[in-house]
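Q: Sending over a structure as structure tokens; questions will come in a sec.
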Amino acid sequence: MERGGEILGSQYPLLGGAMTWISESRLVSAMANAGMFGVLASGAMDGDLLMAEIRSTGRKTNRNFGVNIILMNPKLHDLIDVCGQEKVSHVILAGGIPDKDVVDAIHSRGQRVLAFAPALAVARRLFRLGVDALILEGSEAGGHVGPLSTMILIQDVLLALKGYPIFVAGGILRGEIVAALHLLGAWGCQLGTAFACCRESIAHENFKRALFRAGGRNALTPTQLDKKFPIAPVRAIENAGTEEFMAKQREILTQFERGEIQLDSGRLSLEHFWAGALRRAVRDGDVERGSLMAGQIVEMVKEEMTIPEILDSILTEAEDFLNNATE
Ligand SMILES: Cc1cc2nc3c(=O)[nH]c(=O)nc-3n(C[C@H](O)[C@H](O)[C@H](O)COP(=O)(O)O)c2cc1C
């Protein structure tokens with residue numbers, strides 16, 4: 001598993017995936033100090049906020065860590081500049097396919113670039129663009145997801161691109177699966193949901209409790225009622241907010257069919273529905289109307305553990321599995 005750690009510059013090839021409002025300096029530095037590769041979430045931050053968060057993380061660890069940048073962020077280039085100035089080792093680009101000049105801009109500052117590939121054709125394109133490593137994130141994951149499950153991405157992408165630096169995410173918790181993915185050619189894995197609820201996570205205790213109580217069947221992506229009104233596939237625990245969102249879709253569709261609203265204004269009000277909702281759940285503890293983003297792995301996340309405890313059980317399970325596999 002050394003090559004994964006080498007490309008990340010961490011002891012173990014395990015990324016703590018960026019989670020907006022959760023992956024801040026305390027969580028990310030604790031991950032780095034435990035030997036993982038922590039990733040700060042820049043979410044909708046501007047350059048100044050990101051700079052403060054990077055510096056705050058740097059005061060808590062002398063190990064390296066990454067910054068996740070959402071490509072739609074209007075301050076994209078400021079954020080890239082800040083990562084360069086602050087000498088962050090890796091930039092993880094999310095929420096789309098980056099332009100070549102974005103990848104080149106990060107490389108010109110001597111940093112590594114990681115990106116997400118939701119399908120084989122995109123994976124090939126990203127490697128052609130020069131990204132240093134890919135994350136394959138299956139639709140079991142928490143937050144914004146692609147259409148394909150981790151199992152399909154493993155077979156269609158990981159096995160097709162043997163030797164390429166690829167990390168796998170979505171629905172991962174046990175060390176056996178981390179080890180099995182390693183045998184299949186993965187350079188490492190990324191986990192999110194399990195760390196949203198760990199002791200070091202600053203998420204509100206209501207948020208953590210809601211995740212511990214939920215089963216995998218409660219971690220759903222919303223149903224889109226009509227193609228004319230596309231909605232973002234975001235996996236979250238069902239609550240009053242997700243029911244109200246369905247009602248909102250029905251209301252907008254009816255109004256549109258009656259000619260009471262235009263297509264654009266209907267789409268816009270659906271887009272605005274969840275604005276600020278993740279913050280409400282994670283920071284304010286509003287588990288009814290906030291967005292409880294979480295992956296299907298909540299099925300197996302039942303208690304608050306520390307990062308070293310989670311890491312230790314993954315490593316022990318992985319080691320036992322590999323020893324048994326080679327016996
Ligand atoms: C609450 C929450 C917020 C997230 N926010 C982001 C984000 O801002 N950027 C991103 O690239 N991924 C985000 N993710 C995805 C995680 O980084 C990670 O890839 C995913 O959680 C892995 O799958 P798992 O949840 O099954 O462990 C988020 C996930 C969760 C649960």
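Ligands are numbered from 1 in the order shown, residues from 1 within each chain, and chains are lettered A, B, ... in the order they appear in the structure tokens.
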Write out as CSV the residues of chain A that have any atom within 7 Å of an atom of ligand 1, one row each with the nearest atom pair and its distance in Å to one decimal, counting only C-alpha atoms and all ligand atoms, sorted by chain and then rising number.

A:
residue,atom,partner,partner_atom_place_in_ligand_line,distance
A:Gly17,CA,ligand 1,17 (O),3.4
A:Ala18,CA,ligand 1,17 (O),4.0
A:Met19,CA,ligand 1,5 (N),3.3
A:Thr20,CA,ligand 1,8 (O),4.0
A:Ile22,CA,ligand 1,1 (C),7.0
A:Ala41,CA,ligand 1,8 (O),5.3
A:Ser42,CA,ligand 1,8 (O),6.9
A:Gly43,CA,ligand 1,8 (O),5.2
A:Asn68,CA,ligand 1,11 (O),6.1
A:Ile70,CA,ligand 1,9 (N),6.7
A:Ala94,CA,ligand 1,11 (O),4.8
A:Gly95,CA,ligand 1,11 (O),6.9
A:Glu137,CA,ligand 1,19 (O),6.2
A:Glu140,CA,ligand 1,26 (O),5.7
A:Ala141,CA,ligand 1,26 (O),3.5
A:Gly142,CA,ligand 1,31 (C),3.9
A:Gly143,CA,ligand 1,29 (C),4.3
A:His144,CA,ligand 1,14 (N),6.6
A:Ala169,CA,ligand 1,22 (C),5.0
A:Gly170,CA,ligand 1,23 (O),3.5
A:Gly171,CA,ligand 1,26 (O),3.6
A:Ile172,CA,ligand 1,27 (O),5.6
A:Gln190,CA,ligand 1,22 (C),6.0
A:Leu191,CA,ligand 1,27 (O),3.8
A:Gly192,CA,ligand 1,21 (O),3.3
A:Thr193,CA,ligand 1,25 (O),3.9
A:Ala194,CA,ligand 1,27 (O),6.0
A:Ala196,CA,ligand 1,31 (C),6.5
A:Leu292,CA,ligand 1,1 (C),6.8
A:Met293,CA,ligand 1,1 (C),4.4
A:Ala294,CA,ligand 1,31 (C),4.1
A:Gly295,CA,ligand 1,25 (O),4.2
A:Gln296,CA,ligand 1,26 (O),6.3
A:Ile297,CA,ligand 1,26 (O),5.5

Q: Next, write the just-selected residues to a file, as a short mmCIF file (atom, residue, chain, number, x, y, z; two decimals), in the first residue's frame, keeping C-alpha atoms as the atom set.

A:
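Output saved as out-v2.cif:
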data_model
loop_
_atom_site.label_atom_id
_atom_site.label_comp_id
_atom_site.auth_asym_id
_atom_site.auth_seq_id
_atom_site.Cartn_x
_atom_site.Cartn_y
_atom_site.Cartn_z
CA GLY A 17 -12.86 12.92 2.20
CA ALA A 18 -13.71 16.61 2.39
CA MET A 19 -17.10 17.35 3.94
CA THR A 20 -18.38 20.92 3.73
CA ILE A 22 -17.29 19.37 8.82
CA ALA A 41 -13.45 21.35 2.51
CA SER A 42 -13.49 24.83 1.00
CA GLY A 43 -17.21 24.57 0.11
CA ASN A 68 -10.98 20.26 -1.76
CA ILE A 70 -15.62 22.83 -5.84
CA ALA A 94 -14.74 18.28 -7.18
CA GLY A 95 -18.06 19.00 -8.84
CA GLU A 137 -16.71 7.70 -5.78
CA GLU A 140 -23.46 4.84 -2.06
CA ALA A 141 -21.47 7.83 -0.77
CA GLY A 142 -22.84 10.72 1.23
CA GLY A 143 -23.33 14.15 -0.35
CA HIS A 144 -23.41 14.87 -4.11
CA ALA A 169 -14.69 5.95 -2.21
CA GLY A 170 -18.33 5.35 -1.38
CA GLY A 171 -19.63 2.84 1.14
CA ILE A 172 -16.24 1.89 2.60
CA GLN A 190 -11.42 7.62 0.75
CA LEU A 191 -13.98 7.64 3.58
CA GLY A 192 -16.41 10.38 4.52
CA THR A 193 -19.52 9.46 6.49
CA ALA A 194 -17.66 7.45 9.15
CA ALA A 196 -18.51 12.92 10.01
CA LEU A 292 -28.34 15.28 6.84
CA MET A 293 -25.87 14.34 4.12
CA ALA A 294 -24.63 10.81 4.72
CA GLY A 295 -23.84 7.67 2.79
CA GLN A 296 -25.42 4.24 2.96
CA ILE A 297 -22.57 3.18 5.25
#

Q: Using only C-alpha atoms, what table do you get, as CSV, when you list each residue of range 100-125 of chain A with an atom no more than 7 Å from range 72-90 of chain A, its nearest pair of atoms, and their distance in Å rounded to one decimal, rows by chain then rising number?

A:
residue,atom,partner,partner_atom,distance
A:Ile106,CA,A:Ile80,CA,6.8
A:Arg109,CA,A:Gly84,CA,5.7
A:Gln111,CA,A:Ser89,CA,5.2
A:Arg112,CA,A:His90,CA,4.7
A:Val113,CA,A:His90,CA,5.8

Q: Residues as selected, C-alpha atoms, written as a CSV table (one decimal), in the first residue's frame, can you do that?

A:
chain,number,residue,atom,x,y,z
A,106,ILE,CA,-2.1,24.0,-9.8
A,109,ARG,CA,2.8,25.8,-8.2
A,111,GLN,CA,1.2,20.8,-6.2
A,112,ARG,CA,-0.6,17.6,-7.0
A,113,VAL,CA,-4.1,17.5,-8.4

Q: Report as JSON, numbers by chain all protein, DNA and RNA residues lying within 8 Å of Phe37 in chain A, evaluated on only C-alpha atoms, omitting residues in the same chain fewer than 5 positions from it.

A: {"A": [8, 9, 10, 12, 13, 14, 15, 16, 31, 32, 64, 65, 66]}

Q: If you run DSSP on this backbone, which residues of range 44-246 of chain A come out as strand (DSSP E), and could you give them as a PyMOL selection string?

A: chain A and resi 66-70+90-94+112-116+133-137+143-144+166-169+188-191+219-220+234-237

Q: Counting only C-alpha atoms, which residue out of A:Trp274, A:Phe195, A:Phe116, A:Trp21 sits closest to Thr306 in chain A?

A: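 Closest residue, counting only C-alpha atoms: A:Phe195.
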
Q: Got a sec to tell me which of range 6-98 of chain A DSSP assigns to helix (DSSP H, G or I), as number ranges by chain?

A: A: 6-8, 25-34, 47-60, 76-85

Q: With C-alpha atoms kept, could you save the residues just selected as a PDB file, in the first residue's frame?

A:
ATOM      1  CA  GLU A   6       3.728   8.083  -1.323  1.00  0.00           C
ATOM      2  CA  ILE A   7       1.551   9.961  -3.778  1.00  0.00           C
ATOM      3  CA  LEU A   8      -0.433  11.491  -0.897  1.00  0.00           C
ATOM      4  CA  SER A  25      -8.868  22.457  10.812  1.00  0.00           C
ATOM      5  CA  ARG A  26      -9.548  20.309  13.864  1.00  0.00           C
ATOM      6  CA  LEU A  27     -10.763  17.227  11.998  1.00  0.00           C
ATOM      7  CA  VAL A  28      -8.237  17.493   9.185  1.00  0.00           C
ATOM      8  CA  SER A  29      -5.243  18.003  11.487  1.00  0.00           C
ATOM      9  CA  ALA A  30      -6.374  15.081  13.670  1.00  0.00           C
ATOM     10  CA  MET A  31      -6.548  12.889  10.557  1.00  0.00           C
ATOM     11  CA  ALA A  32      -3.083  13.998   9.464  1.00  0.00           C
ATOM     12  CA  ASN A  33      -1.656  13.430  12.934  1.00  0.00           C
ATOM     13  CA  ALA A  34      -3.120   9.900  12.938  1.00  0.00           C
ATOM     14  CA  GLY A  47      -9.868  33.055  -0.459  1.00  0.00           C
ATOM     15  CA  ASP A  48      -9.547  34.795   2.921  1.00  0.00           C
ATOM     16  CA  LEU A  49     -11.610  32.195   4.763  1.00  0.00           C
ATOM     17  CA  LEU A  50      -9.688  29.369   3.137  1.00  0.00           C
ATOM     18  CA  MET A  51      -6.369  30.974   3.999  1.00  0.00           C
ATOM     19  CA  ALA A  52      -7.382  31.235   7.657  1.00  0.00           C
ATOM     20  CA  GLU A  53      -8.491  27.595   7.708  1.00  0.00           C
ATOM     21  CA  ILE A  54      -5.278  26.346   6.073  1.00  0.00           C
ATOM     22  CA  ARG A  55      -3.174  28.318   8.557  1.00  0.00           C
ATOM     23  CA  SER A  56      -5.242  27.084  11.478  1.00  0.00           C
ATOM     24  CA  THR A  57      -4.761  23.484  10.284  1.00  0.00           C
ATOM     25  CA  GLY A  58      -1.032  24.054   9.840  1.00  0.00           C
ATOM     26  CA  ARG A  59      -0.792  25.183  13.483  1.00  0.00           C
ATOM     27  CA  LYS A  60      -2.269  21.850  14.624  1.00  0.00           C
ATOM     28  CA  LEU A  76     -12.094  29.186  -7.933  1.00  0.00           C
ATOM     29  CA  HIS A  77      -8.980  31.028  -9.069  1.00  0.00           C
ATOM     30  CA  ASP A  78      -8.579  32.877  -5.755  1.00  0.00           C
ATOM     31  CA  LEU A  79      -8.804  29.565  -3.925  1.00  0.00           C
ATOM     32  CA  ILE A  80      -6.166  28.015  -6.194  1.00  0.00           C
ATOM     33  CA  ASP A  81      -3.920  31.044  -5.570  1.00  0.00           C
ATOM     34  CA  VAL A  82      -4.344  30.681  -1.814  1.00  0.00           C
ATOM     35  CA  CYS A  83      -3.471  26.961  -1.949  1.00  0.00           C
ATOM     36  CA  GLY A  84      -0.352  27.916  -3.900  1.00  0.00           C
ATOM     37  CA  GLN A  85       0.682  30.690  -1.510  1.00  0.00           C
TER      38      GLN A  85
END

Q: If you measure from CA of Glu244 in chain A to CA of Glu288 in chain A, what distance in Å do you get, rounded to one decimal?

A: 10.4 Å

Q: Tell me which of A:Ala247, A:Leu148, A:Val168, A:Ile237 sits closest to Phe273 in chain A, counting only C-alpha atoms.

A: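 For Phe273 in chain A, the nearest of the candidates is A:Ala247.
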
Q: Can you pull out the residues contacting Arg267 in chain A? Cut-off 9 Å, using only C-alpha atoms, and skip same-chain residues under 6 positions away; I want them as an MDAnalysis selection string.

A: chainID A and resid 228:231 252
